[in-house]
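Next comes run38.csv, a file with CSV, C-alpha atoms and all ligand atoms.
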```
chain,number,residue,atom,x,y,z
A,1,MET,CA,138.3,114.3,76.6
A,2,THR,CA,135.3,114.3,78.9
A,3,VAL,CA,131.9,113.7,77.5
A,4,VAL,CA,129.3,116.4,78.1
A,5,ALA,CA,125.7,115.4,78.3
A,6,PRO,CA,124.2,117.0,75.1
A,7,HIS,CA,120.9,118.1,76.5
A,8,ARG,CA,121.7,119.1,80.1
A,9,THR,CA,119.9,122.3,80.9
A,10,ALA,CA,120.3,122.6,84.6
A,11,ASP,CA,122.4,121.5,87.5
A,12,TYR,CA,120.6,118.6,89.1
A,13,ARG,CA,121.6,119.7,92.6
A,14,GLU,CA,119.1,122.6,92.5
A,15,PHE,CA,116.3,120.0,92.3
A,16,LEU,CA,117.5,117.8,95.2
A,17,PRO,CA,115.5,117.7,98.4
A,18,ALA,CA,117.1,118.9,101.6
A,19,ASP,CA,119.3,116.3,103.3
A,20,GLU,CA,116.9,115.9,106.2
A,21,PRO,CA,113.1,116.3,106.0
A,22,VAL,CA,111.8,119.8,106.8
A,23,GLN,CA,110.7,119.9,110.4
A,24,TYR,CA,109.7,122.8,112.7
A,25,LEU,CA,108.2,121.0,115.7
A,26,ASP,CA,109.7,118.1,117.6
A,27,GLU,CA,107.6,115.0,118.2
A,28,SER,CA,105.8,116.5,121.2
A,29,GLY,CA,105.1,119.8,119.5
A,30,ARG,CA,108.0,121.9,120.9
A,31,TRP,CA,109.7,124.4,118.6
A,32,LEU,CA,112.9,123.1,117.2
A,33,PRO,CA,115.6,125.8,117.3
A,34,GLY,CA,117.7,126.4,114.2
A,35,GLU,CA,117.5,127.9,110.7
A,36,HIS,CA,114.2,127.3,108.9
A,37,ARG,CA,114.3,127.5,105.2
A,38,TYR,CA,110.6,128.4,104.6
A,39,PRO,CA,108.8,131.3,106.3
A,40,VAL,CA,106.8,130.3,109.4
A,41,PRO,CA,103.0,130.7,109.0
A,42,THR,CA,101.4,133.1,111.4
A,43,PRO,CA,99.8,131.8,114.7
A,44,ALA,CA,96.4,132.9,113.4
A,45,ARG,CA,96.8,130.8,110.2
A,46,LEU,CA,98.1,127.8,112.3
A,47,LEU,CA,95.1,128.1,114.6
A,48,GLU,CA,92.9,127.7,111.5
A,49,VAL,CA,95.0,124.6,110.5
A,50,TYR,CA,94.3,123.3,114.0
A,51,ARG,CA,90.5,124.0,113.7
A,52,LYS,CA,90.3,122.2,110.4
A,53,MET,CA,92.3,119.2,111.6
A,54,VAL,CA,90.0,118.8,114.6
A,55,LEU,CA,86.9,119.1,112.4
A,56,GLY,CA,88.5,116.7,109.9
A,57,ARG,CA,89.2,114.1,112.5
A,58,ARG,CA,85.7,114.2,113.9
A,59,PHE,CA,84.4,113.8,110.3
A,60,ASP,CA,86.7,110.9,109.8
A,61,GLN,CA,85.6,109.1,112.9
A,62,GLN,CA,81.9,109.7,112.0
A,63,SER,CA,82.5,108.3,108.5
A,64,THR,CA,84.1,105.2,109.9
A,65,ALA,CA,81.1,104.7,112.1
A,66,LEU,CA,78.8,105.2,109.1
A,67,THR,CA,80.4,102.1,107.4
A,68,LYS,CA,79.4,100.0,110.4
A,69,GLN,CA,75.8,101.2,110.1
A,70,GLY,CA,75.7,100.3,106.4
A,71,ARG,CA,75.4,103.9,105.3
A,72,LEU,CA,78.8,103.9,103.6
A,73,ALA,CA,80.0,101.1,101.3
A,74,VAL,CA,83.6,101.8,102.1
A,75,TYR,CA,85.7,104.5,103.9
A,76,PRO,CA,89.4,105.0,103.5
A,77,SER,CA,90.4,106.8,106.7
A,78,SER,CA,92.5,110.0,106.8
A,79,ARG,CA,93.2,109.6,110.6
A,80,GLY,CA,96.8,110.5,111.2
A,81,GLN,CA,97.3,112.3,107.9
A,82,GLU,CA,95.4,115.5,108.8
A,83,ALA,CA,98.7,117.6,108.8
A,84,CYS,CA,99.1,116.7,105.1
A,85,GLN,CA,95.5,117.1,103.9
A,86,VAL,CA,94.5,120.3,105.8
A,87,PRO,CA,97.6,122.4,104.8
A,88,ALA,CA,97.3,121.0,101.2
A,89,ALA,CA,93.8,122.4,100.8
A,90,MET,CA,94.4,125.6,102.8
A,91,CYS,CA,97.4,126.7,100.8
A,92,LEU,CA,95.3,126.9,97.7
A,93,ARG,CA,93.4,130.0,96.5
A,94,PRO,CA,89.8,129.7,95.2
A,95,ALA,CA,90.9,129.7,91.6
A,96,ASP,CA,93.5,127.0,92.2
A,97,TRP,CA,92.7,123.3,91.5
A,98,MET,CA,92.9,120.2,93.7
A,99,PHE,CA,93.0,116.6,92.4
A,100,PRO,CA,92.4,114.3,95.4
A,101,THR,CA,92.4,110.5,95.9
A,102,TYR,CA,89.9,108.3,97.7
A,103,ARG,CA,91.9,109.0,100.9
A,104,ASP,CA,91.6,112.7,100.8
A,105,SER,CA,88.2,113.4,102.1
A,106,VAL,CA,89.5,115.7,104.8
A,107,ALA,CA,91.3,117.8,102.1
A,108,LEU,CA,88.0,118.1,100.3
A,109,MET,CA,86.2,119.2,103.5
A,110,THR,CA,88.9,121.8,104.2
A,111,ARG,CA,88.4,123.1,100.7
A,112,GLY,CA,84.7,123.7,101.7
A,113,VAL,CA,83.0,120.8,100.0
A,114,ASP,CA,79.8,119.7,101.8
A,115,PRO,CA,80.6,116.5,103.8
A,116,VAL,CA,77.4,114.7,102.7
A,117,GLN,CA,78.4,115.4,99.1
A,118,ILE,CA,82.0,114.1,99.7
A,119,LEU,CA,80.6,110.8,101.0
A,120,SER,CA,78.2,110.3,98.1
A,121,MET,CA,80.7,108.3,96.1
A,122,LEU,CA,81.8,106.2,99.1
A,123,ALA,CA,78.1,105.5,99.9
A,124,GLY,CA,77.8,104.1,96.3
A,125,ASP,CA,75.2,106.8,95.5
A,126,TRP,CA,76.9,108.7,92.7
A,127,HIS,CA,80.2,108.9,90.9
A,128,CYS,CA,81.0,112.2,92.5
A,129,GLY,CA,78.6,114.0,94.8
A,130,TYR,CA,80.0,117.5,94.4
A,131,ASP,CA,80.4,119.8,91.5
A,132,PRO,CA,84.1,119.7,90.5
A,133,VAL,CA,83.9,122.9,88.6
A,134,ALA,CA,82.2,124.9,91.4
A,135,HIS,CA,84.8,123.8,93.9
A,136,HIS,CA,87.8,123.5,91.6
A,137,CYS,CA,88.2,119.9,92.9
A,138,ALA,CA,88.4,116.9,90.6
A,139,PRO,CA,86.4,113.8,91.6
A,140,GLN,CA,88.3,111.6,94.1
A,141,SER,CA,90.3,109.2,92.1
A,142,THR,CA,90.2,105.5,92.9
A,143,PRO,CA,92.4,104.3,90.1
A,144,LEU,CA,95.9,105.1,91.4
A,145,ALA,CA,97.8,108.0,89.8
A,146,THR,CA,95.5,108.6,86.9
A,147,GLN,CA,94.5,111.9,88.5
A,148,LEU,CA,98.2,113.1,88.2
A,149,LEU,CA,97.9,113.1,84.5
A,150,HIS,CA,94.6,114.9,84.6
A,151,ALA,CA,96.0,117.4,87.0
A,152,THR,CA,99.0,118.0,84.7
A,153,GLY,CA,96.8,118.4,81.7
A,154,LEU,CA,94.6,120.9,83.4
A,155,ALA,CA,97.6,122.8,84.7
A,156,TYR,CA,99.2,122.9,81.3
A,157,GLY,CA,95.8,124.1,79.8
A,158,GLU,CA,95.7,126.9,82.3
A,159,LEU,CA,99.3,127.9,81.4
A,160,LEU,CA,98.4,128.0,77.7
A,161,ARG,CA,95.5,130.3,78.5
A,162,SER,CA,97.9,132.6,80.4
A,163,ARG,CA,96.0,132.0,83.6
A,164,ASP,CA,97.8,131.7,86.9
A,165,PRO,CA,96.0,129.0,88.9
A,166,VAL,CA,98.2,126.4,90.6
A,167,THR,CA,97.1,122.7,90.5
A,168,LEU,CA,97.8,120.5,93.5
A,169,ALA,CA,97.8,116.7,92.8
A,170,LEU,CA,97.7,114.3,95.7
A,171,CYS,CA,98.8,110.7,95.7
A,172,GLY,CA,100.2,108.0,98.0
A,173,ASP,CA,103.5,106.3,98.2
A,174,GLY,CA,102.3,103.2,96.3
A,175,ALA,CA,101.0,105.4,93.5
A,176,THR,CA,104.6,106.5,92.8
A,177,SER,CA,105.3,103.1,91.3
A,178,GLU,CA,102.6,103.6,88.7
A,179,GLY,CA,103.6,104.5,85.1
A,180,ASP,CA,101.1,107.4,85.2
A,181,PHE,CA,103.1,109.0,88.0
A,182,HIS,CA,106.2,109.0,85.9
A,183,GLU,CA,104.5,110.2,82.8
A,184,ALA,CA,102.8,113.0,84.7
A,185,LEU,CA,106.1,114.2,86.2
A,186,ASN,CA,107.9,114.1,82.8
A,187,PHE,CA,105.2,116.0,81.0
A,188,ALA,CA,104.9,118.5,83.7
A,189,ALA,CA,108.7,119.1,83.8
A,190,VAL,CA,109.1,119.4,80.0
A,191,PHE,CA,106.2,121.8,79.6
A,192,ARG,CA,106.7,123.6,83.0
A,193,ALA,CA,103.1,122.9,84.0
A,194,PRO,CA,102.2,124.7,87.2
A,195,VAL,CA,101.5,121.6,89.3
A,196,ILE,CA,102.5,120.5,92.8
A,197,PHE,CA,102.7,116.7,93.3
A,198,LEU,CA,102.1,116.0,97.0
A,199,VAL,CA,103.0,112.4,97.9
A,200,GLN,CA,101.5,111.4,101.3
A,201,ASN,CA,104.0,108.6,102.2
A,202,ASN,CA,102.1,106.7,104.9
A,203,GLY,CA,104.4,103.7,104.6
A,204,TYR,CA,102.0,101.3,103.0
A,205,ALA,CA,100.1,100.5,99.8
A,206,ILE,CA,97.3,98.5,101.5
A,207,SER,CA,99.5,95.7,103.0
A,208,VAL,CA,102.7,96.4,101.0
A,209,PRO,CA,105.3,98.3,103.0
A,210,LEU,CA,107.3,100.9,101.3
A,211,ALA,CA,110.5,98.9,101.4
A,212,ARG,CA,108.9,96.3,99.0
A,213,GLN,CA,107.8,99.2,96.7
A,214,SER,CA,110.9,101.4,96.3
A,215,VAL,CA,114.5,101.6,97.2
A,216,ALA,CA,114.9,105.2,96.0
A,217,PRO,CA,116.7,107.4,98.6
A,218,SER,CA,113.3,109.1,99.1
A,219,LEU,CA,110.2,109.4,97.0
A,220,ALA,CA,111.0,113.1,96.6
A,221,HIS,CA,114.2,112.1,94.8
A,222,LYS,CA,112.0,110.7,92.0
A,223,GLY,CA,111.4,114.3,90.9
A,224,VAL,CA,115.1,115.0,90.4
A,225,GLY,CA,115.4,112.5,87.4
A,226,TYR,CA,112.7,114.5,85.6
A,227,GLY,CA,114.3,117.9,86.4
A,228,ILE,CA,111.7,118.8,89.0
A,229,GLY,CA,112.4,120.6,92.2
A,230,SER,CA,111.8,118.2,95.1
A,231,GLU,CA,111.4,118.5,98.9
A,232,HIS,CA,110.5,116.2,101.8
A,233,VAL,CA,108.8,117.1,105.0
A,234,ASP,CA,107.7,115.7,108.3
A,235,GLY,CA,104.1,115.1,107.3
A,236,ASN,CA,102.9,115.0,110.9
A,237,ASP,CA,104.3,118.5,111.6
A,238,PRO,CA,101.5,120.9,110.6
A,239,VAL,CA,103.8,123.9,110.9
A,240,ALA,CA,106.4,122.5,108.5
A,241,MET,CA,103.7,121.3,106.1
A,242,MET,CA,102.0,124.7,105.9
A,243,ALA,CA,105.3,126.5,105.5
A,244,VAL,CA,106.5,124.2,102.7
A,245,LEU,CA,103.1,124.2,100.9
A,246,ASP,CA,102.8,128.0,101.0
A,247,ALA,CA,106.2,128.3,99.6
A,248,ALA,CA,105.4,125.7,96.9
A,249,VAL,CA,102.4,127.6,95.7
A,250,ARG,CA,104.5,130.8,95.4
A,251,TYR,CA,107.3,128.9,93.5
A,252,VAL,CA,104.9,127.2,91.0
A,253,GLN,CA,102.9,130.4,90.6
A,254,ALA,CA,106.1,132.3,89.7
A,255,GLY,CA,106.5,130.1,86.7
A,256,LYS,CA,109.5,128.1,88.1
A,257,GLY,CA,107.9,124.8,87.0
A,258,PRO,CA,106.4,121.9,88.9
A,259,LEU,CA,107.4,120.5,92.3
A,260,VAL,CA,107.4,117.1,94.1
A,261,ILE,CA,106.8,117.1,97.8
A,262,GLU,CA,107.0,114.0,99.9
A,263,ALA,CA,105.3,114.1,103.3
A,264,TYR,CA,106.2,111.3,105.8
A,265,THR,CA,103.1,110.3,107.7
A,266,TYR,CA,101.2,107.3,108.8
A,267,ARG,CA,97.7,105.8,108.3
A,268,ILE,CA,96.6,105.1,111.9
A,269,ASP,CA,93.5,103.1,110.8
A,270,ALA,CA,93.4,100.1,108.4
A,271,HIS,CA,93.5,100.8,104.6
A,272,THR,CA,89.7,100.9,104.6
A,273,ASN,CA,87.0,99.5,106.9
A,274,ALA,CA,87.3,96.3,104.8
A,275,ASP,CA,90.9,95.7,105.7
A,276,ASP,CA,92.5,94.1,108.8
A,277,ALA,CA,95.8,95.9,109.3
A,278,THR,CA,96.8,93.6,112.3
A,279,ARG,CA,97.7,91.0,109.6
A,280,TYR,CA,100.6,93.0,108.3
A,281,ARG,CA,101.9,95.5,110.9
A,282,GLU,CA,102.8,95.5,114.6
A,283,ASP,CA,100.8,97.4,117.2
A,284,SER,CA,104.1,98.9,118.5
A,285,GLU,CA,104.5,100.6,115.1
A,286,VAL,CA,101.1,102.2,115.3
A,287,GLN,CA,101.8,103.3,118.9
A,288,SER,CA,105.0,105.0,117.8
A,289,TRP,CA,103.1,107.0,115.3
A,290,LEU,CA,100.3,107.8,117.7
A,291,ALA,CA,103.0,109.5,119.8
A,292,ARG,CA,103.6,111.8,116.9
A,293,ASP,CA,100.0,112.7,116.5
A,294,PRO,CA,99.8,115.9,114.4
A,295,ILE,CA,96.8,117.4,116.3
A,296,ALA,CA,98.5,116.9,119.7
A,297,ARG,CA,101.7,118.5,118.4
A,298,LEU,CA,100.0,121.6,117.1
A,299,ASP,CA,98.0,121.8,120.3
A,300,THR,CA,101.2,122.0,122.3
A,301,TYR,CA,102.7,124.6,120.0
A,302,LEU,CA,99.7,126.8,119.9
A,303,ARG,CA,99.3,126.7,123.7
A,304,ALA,CA,102.9,127.7,124.0
A,305,GLU,CA,102.3,130.6,121.6
A,306,GLY,CA,99.3,131.7,123.8
A,307,VAL,CA,96.7,131.4,121.0
A,308,LEU,CA,94.9,128.2,122.2
A,309,ASP,CA,93.4,127.3,125.6
A,310,ASP,CA,90.8,124.9,127.1
A,311,ALA,CA,87.9,127.3,126.6
A,312,ALA,CA,88.6,127.7,122.8
A,313,LEU,CA,89.0,123.9,122.5
A,314,THR,CA,85.6,123.3,124.2
A,315,VAL,CA,84.0,125.6,121.6
A,316,LEU,CA,85.8,123.9,118.8
A,317,ASN,CA,84.8,120.4,120.0
A,318,ALA,CA,81.2,121.5,120.2
A,319,GLU,CA,81.4,122.7,116.6
A,320,ALA,CA,82.9,119.4,115.5
A,321,GLU,CA,80.1,117.5,117.3
A,322,ASP,CA,77.4,119.6,115.6
A,323,ALA,CA,79.0,118.9,112.2
A,324,ALA,CA,79.0,115.2,113.0
A,325,THR,CA,75.3,115.3,114.0
A,326,GLN,CA,74.5,117.1,110.7
A,327,LEU,CA,76.5,114.5,108.8
A,328,ARG,CA,74.6,111.6,110.4
A,329,ALA,CA,71.3,113.3,109.6
A,330,GLY,CA,72.4,114.0,106.0
A,331,MET,CA,73.6,110.4,105.5
A,332,ASN,CA,70.4,108.9,107.0
A,333,ILE,CA,68.3,110.1,104.1
A,334,ASP,CA,67.7,107.3,101.5
A,335,ARG,CA,68.5,108.6,98.1
A,336,GLN,CA,66.7,107.3,95.0
A,337,HIS,CA,68.6,107.1,91.8
A,338,ASP,CA,67.5,106.1,88.3
A,339,PRO,CA,69.5,103.0,87.5
A,340,LEU,CA,69.7,104.2,83.9
A,341,ASP,CA,71.9,107.1,85.1
A,342,LEU,CA,74.7,104.5,85.1
A,343,PHE,CA,74.9,104.7,81.4
A,344,ARG,CA,74.1,108.4,80.9
A,345,TYR,CA,77.3,110.2,81.8
A,346,VAL,CA,80.1,107.8,80.8
A,347,TYR,CA,80.8,109.5,77.5
A,348,ALA,CA,79.7,112.8,76.0
A,349,GLN,CA,78.5,110.7,73.0
A,350,GLN,CA,77.3,107.3,74.0
A,351,THR,CA,78.8,104.3,72.3
A,352,PRO,CA,76.5,101.8,70.5
A,353,GLN,CA,77.3,99.1,73.1
A,354,LEU,CA,76.3,101.4,76.0
A,355,ARG,CA,73.1,102.4,74.2
A,356,GLU,CA,72.3,98.7,73.7
A,357,GLN,CA,73.0,97.9,77.4
A,358,GLN,CA,70.9,100.9,78.5
A,359,ALA,CA,68.0,99.7,76.4
A,360,GLN,CA,68.3,96.2,77.8
A,361,VAL,CA,68.3,97.4,81.5
A,362,GLY,CA,65.5,99.8,80.7
A,363,ALA,CA,63.4,96.9,79.3
A,364,GLU,CA,64.1,94.7,82.4
A,365,LEU,CA,63.2,97.5,84.8
A,366,ALA,CA,59.9,98.1,82.9
A,367,ALA,CA,59.0,94.4,83.0
A,368,GLU,CA,59.8,94.3,86.7
A,369,SER,CA,57.6,97.2,87.5
A,370,GLU,CA,54.8,95.7,85.4
A,371,GLU,CA,55.1,92.5,87.5
A,372,THR,CA,54.8,94.4,90.8
A,373,HIS,CA,51.8,96.4,89.7
T,401,LIG,C1,95.7,101.4,89.0
T,401,LIG,C2,95.3,100.8,90.3
T,401,LIG,N1,95.9,99.6,90.7
T,401,LIG,C3,95.6,99.0,91.8
T,401,LIG,C4,94.6,99.5,92.6
T,401,LIG,C5,94.2,98.8,93.9
T,401,LIG,N2,94.6,99.7,95.1
T,401,LIG,C6,93.8,100.5,95.7
T,401,LIG,S1,94.5,101.4,96.9
T,401,LIG,C7,96.0,100.7,96.6
T,401,LIG,C8,97.2,101.0,97.5
T,401,LIG,C9,97.6,102.5,97.2
T,401,LIG,O1,98.6,102.8,98.1
T,401,LIG,P1,99.1,104.3,98.2
T,401,LIG,O2,99.3,104.9,96.9
T,401,LIG,O3,100.3,104.3,99.1
T,401,LIG,O4,97.9,105.1,98.9
T,401,LIG,P2,97.2,104.9,100.3
T,401,LIG,O5,96.1,104.0,100.2
T,401,LIG,O6,98.3,104.4,101.2
T,401,LIG,O7,96.8,106.3,100.7
T,401,LIG,C10,95.9,99.7,95.6
T,401,LIG,C11,97.0,98.9,95.1
T,401,LIG,C12,94.0,100.7,92.2
T,401,LIG,N3,93.0,101.3,92.9
T,401,LIG,N4,94.3,101.3,91.0
T,402,MG,MG,100.4,104.6,101.1
```
As structure tokens, please, write out the structure in this file.
Amino acid sequence: MTVVAPHRTADYREFLPADEPVQYLDESGRWLPGEHRYPVPTPARLLEVYRKMVLGRRFDQQSTALTKQGRLAVYPSSRGQEACQVPAAMCLRPADWMFPTYRDSVALMTRGVDPVQILSMLAGDWHCGYDPVAHHCAPQSTPLATQLLHATGLAYGELLRSRDPVTLALCGDGATSEGDFHEALNFAAVFRAPVIFLVQNNGYAISVPLARQSVAPSLAHKGVGYGIGSEHVDGNDPVAMMAVLDAAVRYVQAGKGPLVIEAYTYRIDAHTNADDATRYREDSEVQSWLARDPIARLDTYLRAEGVLDDAALTVLNAEAEDAATQLRAGMNIDRQHDPLDLFRYVYAQQTPQLREQQAQVGAELAAESEETH
């Protein structure tokens, strides 16, 4: 007699990612012939992806420069990951929610958050410089994978209220080893929370390469064990990313349950400005990924489609330059904060310990100001 798993509810094969990652453009940006599983986004939409990627890269470059001028405490660069972050934010509707990590500043910018407000946390000015409710964007999460549980909780709450927003939760390859990742996937699967987990697999968790982190066939396969539909994509192919994410939003919105998407990409710069990546990776590896640059690939494709030319690019570069000038001006303003704010917004109701600490710091500040007057 064969044993039947008592609680099997679905054929696991329907959750498996495709054999090969989804890819529409070759490494140099030429259209790959063949059947494509997801509808191709229109040229107009892809032109907007291109615009947002160019603006995002200039923002990223400016932010890195601001760390050298002491205006930012730390900056985790998005360079090379624009084809993940821009489509991730663009596929969402205004009512949808996004839960970003520290690395996802370009996704936030694409969502329309003011660049100076985005950098407020990384400047050490404030916990989160933008209004999460106004933008439907949670604060950038620095503790790995905690945002996945928050995203799942929010998505489930929206489902209970019979609302239809989709929640997009971003994380890195390293974060998929965290317990929170697994708890979020399991909860989302069991309660059919409308959430997309997008894993930007850039090959490293700081200095730890993926091979020291996981031997799963792919990180997308991690969804299958939880009964979640899974897909993997060339994360440096903006056309494939936009196609997969658009389809993902439709799938989740139709009540089919959550999804895990793994995007293969690469962090061109070091982990942050405080890291020296030459200590753990070869320059030849970086060069091989520079040859797959997502902006250059989309550039080639859009020119072949006849929707991009040098004149349009000149206008776009000028727009990016203006935005960088405004960002510098915004970041050069010294902001004054009340040190006691540190204690004010930790809990809705302060604990006795925090009240005590706040009183102590308050007394020290008062004594200091008396001394100086
Ligand atoms: C819970 C937790 N553990 C450890 C860290 C320290 N840490 C910060 S970034 C990082 C690597 C994360 O790698 P990955 O998830 O691949 O994201 P990436 O930085 O590559 O975008 C680690 C271990 C942290 N922030 N939170
Ligand atoms: Mg990583």
Distance criterion (all atoms listed in the file): nearest to A:Glu321 out of A:Leu119, A:Ala193, A:Val54, A:Leu32: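 When distances to A:Glu321 are compared using all atoms listed in the file, the smallest one comes from A:Val54.
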Given all atoms listed in the file as the basis, pick out the residue of A:Asp293, A:Glu82, A:Asp131, A:Asp173 nearest to A:Val106.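 Distance minimum relative to A:Val106 lands on A:Glu82.
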To one decimal in Å, tell me the separation between atom CA of A:Val346 and atom CA of A:His127.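 Separating atom CA of A:Val346 from atom CA of A:His127 is a distance of 10.2 Å.
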Could you tell me, counting all atoms listed in the file, which protein and nucleic acid residues lie no more than 8 Å from ligand LIG 401 (chain T), written as a ChimeraX atom specification? /A:76,101-103,142-146,171-176,178,200-208,267,271
Selected residues, C-alpha atoms, written as a PDB file, in the coordinates of the input, please.
```pdb
ATOM      1  CA  PRO A  76      89.400 105.000 103.500  1.00  0.00           C
ATOM      2  CA  THR A 101      92.400 110.500  95.900  1.00  0.00           C
ATOM      3  CA  TYR A 102      89.900 108.300  97.700  1.00  0.00           C
ATOM      4  CA  ARG A 103      91.900 109.000 100.900  1.00  0.00           C
ATOM      5  CA  THR A 142      90.200 105.500  92.900  1.00  0.00           C
ATOM      6  CA  PRO A 143      92.400 104.300  90.100  1.00  0.00           C
ATOM      7  CA  LEU A 144      95.900 105.100  91.400  1.00  0.00           C
ATOM      8  CA  ALA A 145      97.800 108.000  89.800  1.00  0.00           C
ATOM      9  CA  THR A 146      95.500 108.600  86.900  1.00  0.00           C
ATOM     10  CA  CYS A 171      98.800 110.700  95.700  1.00  0.00           C
ATOM     11  CA  GLY A 172     100.200 108.000  98.000  1.00  0.00           C
ATOM     12  CA  ASP A 173     103.500 106.300  98.200  1.00  0.00           C
ATOM     13  CA  GLY A 174     102.300 103.200  96.300  1.00  0.00           C
ATOM     14  CA  ALA A 175     101.000 105.400  93.500  1.00  0.00           C
ATOM     15  CA  THR A 176     104.600 106.500  92.800  1.00  0.00           C
ATOM     16  CA  GLU A 178     102.600 103.600  88.700  1.00  0.00           C
ATOM     17  CA  GLN A 200     101.500 111.400 101.300  1.00  0.00           C
ATOM     18  CA  ASN A 201     104.000 108.600 102.200  1.00  0.00           C
ATOM     19  CA  ASN A 202     102.100 106.700 104.900  1.00  0.00           C
ATOM     20  CA  GLY A 203     104.400 103.700 104.600  1.00  0.00           C
ATOM     21  CA  TYR A 204     102.000 101.300 103.000  1.00  0.00           C
ATOM     22  CA  ALA A 205     100.100 100.500  99.800  1.00  0.00           C
ATOM     23  CA  ILE A 206      97.300  98.500 101.500  1.00  0.00           C
ATOM     24  CA  SER A 207      99.500  95.700 103.000  1.00  0.00           C
ATOM     25  CA  VAL A 208     102.700  96.400 101.000  1.00  0.00           C
ATOM     26  CA  ARG A 267      97.700 105.800 108.300  1.00  0.00           C
ATOM     27  CA  HIS A 271      93.500 100.800 104.600  1.00  0.00           C
TER      28      HIS A 271
END
```
Counting only C-alpha atoms and all ligand atoms, which of A:Ser120, A:Ser141, A:Ser177, A:Thr64 gets nearest to ligand MG 402 (chain T)?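 Residue with the minimum atom-to-atom distance to ligand MG 402 (chain T): A:Ser177.
Residues within 9 Å of A:Ala155, counting only C-alpha atoms and excluding same-chain residues fewer than 2 positions away, are Trp97, His150, Ala151, Thr152, Gly153, Gly157, Glu158, Leu159, Leu160, Pro165, Val166, Thr167, Ala188, Ala193, Pro194 and Val195 of chain A.
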My list of candidates is A:Leu259, A:Met121, A:Leu219, A:Leu46. Which is closest to ligand MG 402 (chain T) when distances are computed with only C-alpha atoms and all ligand atoms? A:Leu219
Do you have the atom CA of A:Met331-atom CA of A:Tyr266 distance handy?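 Separation between atom CA of A:Met331 and atom CA of A:Tyr266: 28.0 Å.
Nearest to ligand MG 402 (chain T) of all the residues A:Asp309, A:Asp322, A:Glu262, A:Glu282 is A:Glu262, based on all atoms listed in the file.
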Can you pull out the residues contacting stretch 9-24 of chain A? Cut-off 10 Å, using all atoms listed in the file, and skip same-chain residues under 4 positions away; I want them as number ranges by chain. A: 5, 29-38, 40, 218-241, 243-244, 259-264
What separates atom CA of A:Leu198 and atom CA of A:Leu170 is a distance of 4.9 Å
When you look at A:Gly124 with a cut-off of 9 Å (counting all atoms listed in the file), what residues show up, excluding the ones that are within fewer than 5 positions of it in the same chain? I need them as a ChimeraX atom specification. /A:72-74,119
A:Cys137: which residues within 12 Å, counting all atoms listed in the file, same-chain residues fewer than 6 positions away excluded, as JSON, numbers by chain? {"A": [89, 92, 93, 94, 95, 96, 97, 98, 99, 100, 101, 104, 105, 107, 108, 109, 110, 111, 112, 113, 118, 128, 129, 130, 131, 147, 150, 151, 154, 167, 168, 169, 170]}
Can I get the selection written as a tab-separated table (two decimals), in the coordinates of the input, with C-alpha atoms?
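Saved the output as out33.tsv:
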```tsv
chain	number	residue	atom	x	y	z
A	89	ALA	CA	93.80	122.40	100.80
A	92	LEU	CA	95.30	126.90	97.70
A	93	ARG	CA	93.40	130.00	96.50
A	94	PRO	CA	89.80	129.70	95.20
A	95	ALA	CA	90.90	129.70	91.60
A	96	ASP	CA	93.50	127.00	92.20
A	97	TRP	CA	92.70	123.30	91.50
A	98	MET	CA	92.90	120.20	93.70
A	99	PHE	CA	93.00	116.60	92.40
A	100	PRO	CA	92.40	114.30	95.40
A	101	THR	CA	92.40	110.50	95.90
A	104	ASP	CA	91.60	112.70	100.80
A	105	SER	CA	88.20	113.40	102.10
A	107	ALA	CA	91.30	117.80	102.10
A	108	LEU	CA	88.00	118.10	100.30
A	109	MET	CA	86.20	119.20	103.50
A	110	THR	CA	88.90	121.80	104.20
A	111	ARG	CA	88.40	123.10	100.70
A	112	GLY	CA	84.70	123.70	101.70
A	113	VAL	CA	83.00	120.80	100.00
A	118	ILE	CA	82.00	114.10	99.70
A	128	CYS	CA	81.00	112.20	92.50
A	129	GLY	CA	78.60	114.00	94.80
A	130	TYR	CA	80.00	117.50	94.40
A	131	ASP	CA	80.40	119.80	91.50
A	147	GLN	CA	94.50	111.90	88.50
A	150	HIS	CA	94.60	114.90	84.60
A	151	ALA	CA	96.00	117.40	87.00
A	154	LEU	CA	94.60	120.90	83.40
A	167	THR	CA	97.10	122.70	90.50
A	168	LEU	CA	97.80	120.50	93.50
A	169	ALA	CA	97.80	116.70	92.80
A	170	LEU	CA	97.70	114.30	95.70
```
Polymer residues at most 12 Å from (96.5, 127.6, 114.4) by all atoms listed in the file, as a ChimeraX atom specification: /A:40-54,83,86-87,90,238-239,242,295,297-309,312-313
With distances taken over only C-alpha atoms and all ligand atoms, which residue among A:Val199, A:Ala323, A:Leu354, A:Ala248 lies nearest ligand MG 402 (chain T)?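 Ranking A:Val199, A:Ala323, A:Leu354, A:Ala248 by distance to ligand MG 402 (chain T), first place goes to A:Val199.
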Can you pull out the residues contacting A:Gln358? Cut-off 12 Å, using only C-alpha atoms, and skip same-chain residues under 6 positions away; I want them as a ChimeraX atom specification. /A:338-346,350-352,364-365
Where's the centre, and what are the edge lengths in Å to one decimal, of a box along x, y and z enclosing all listed atoms of stretch 251-265 of chain A padded 4 Å per side, as AutoDock Vina command-line options?
```
--center_x 106.2 --center_y 121.3 --center_z 97.2 --size_x 14.6 --size_y 30.0 --size_z 29.0
```
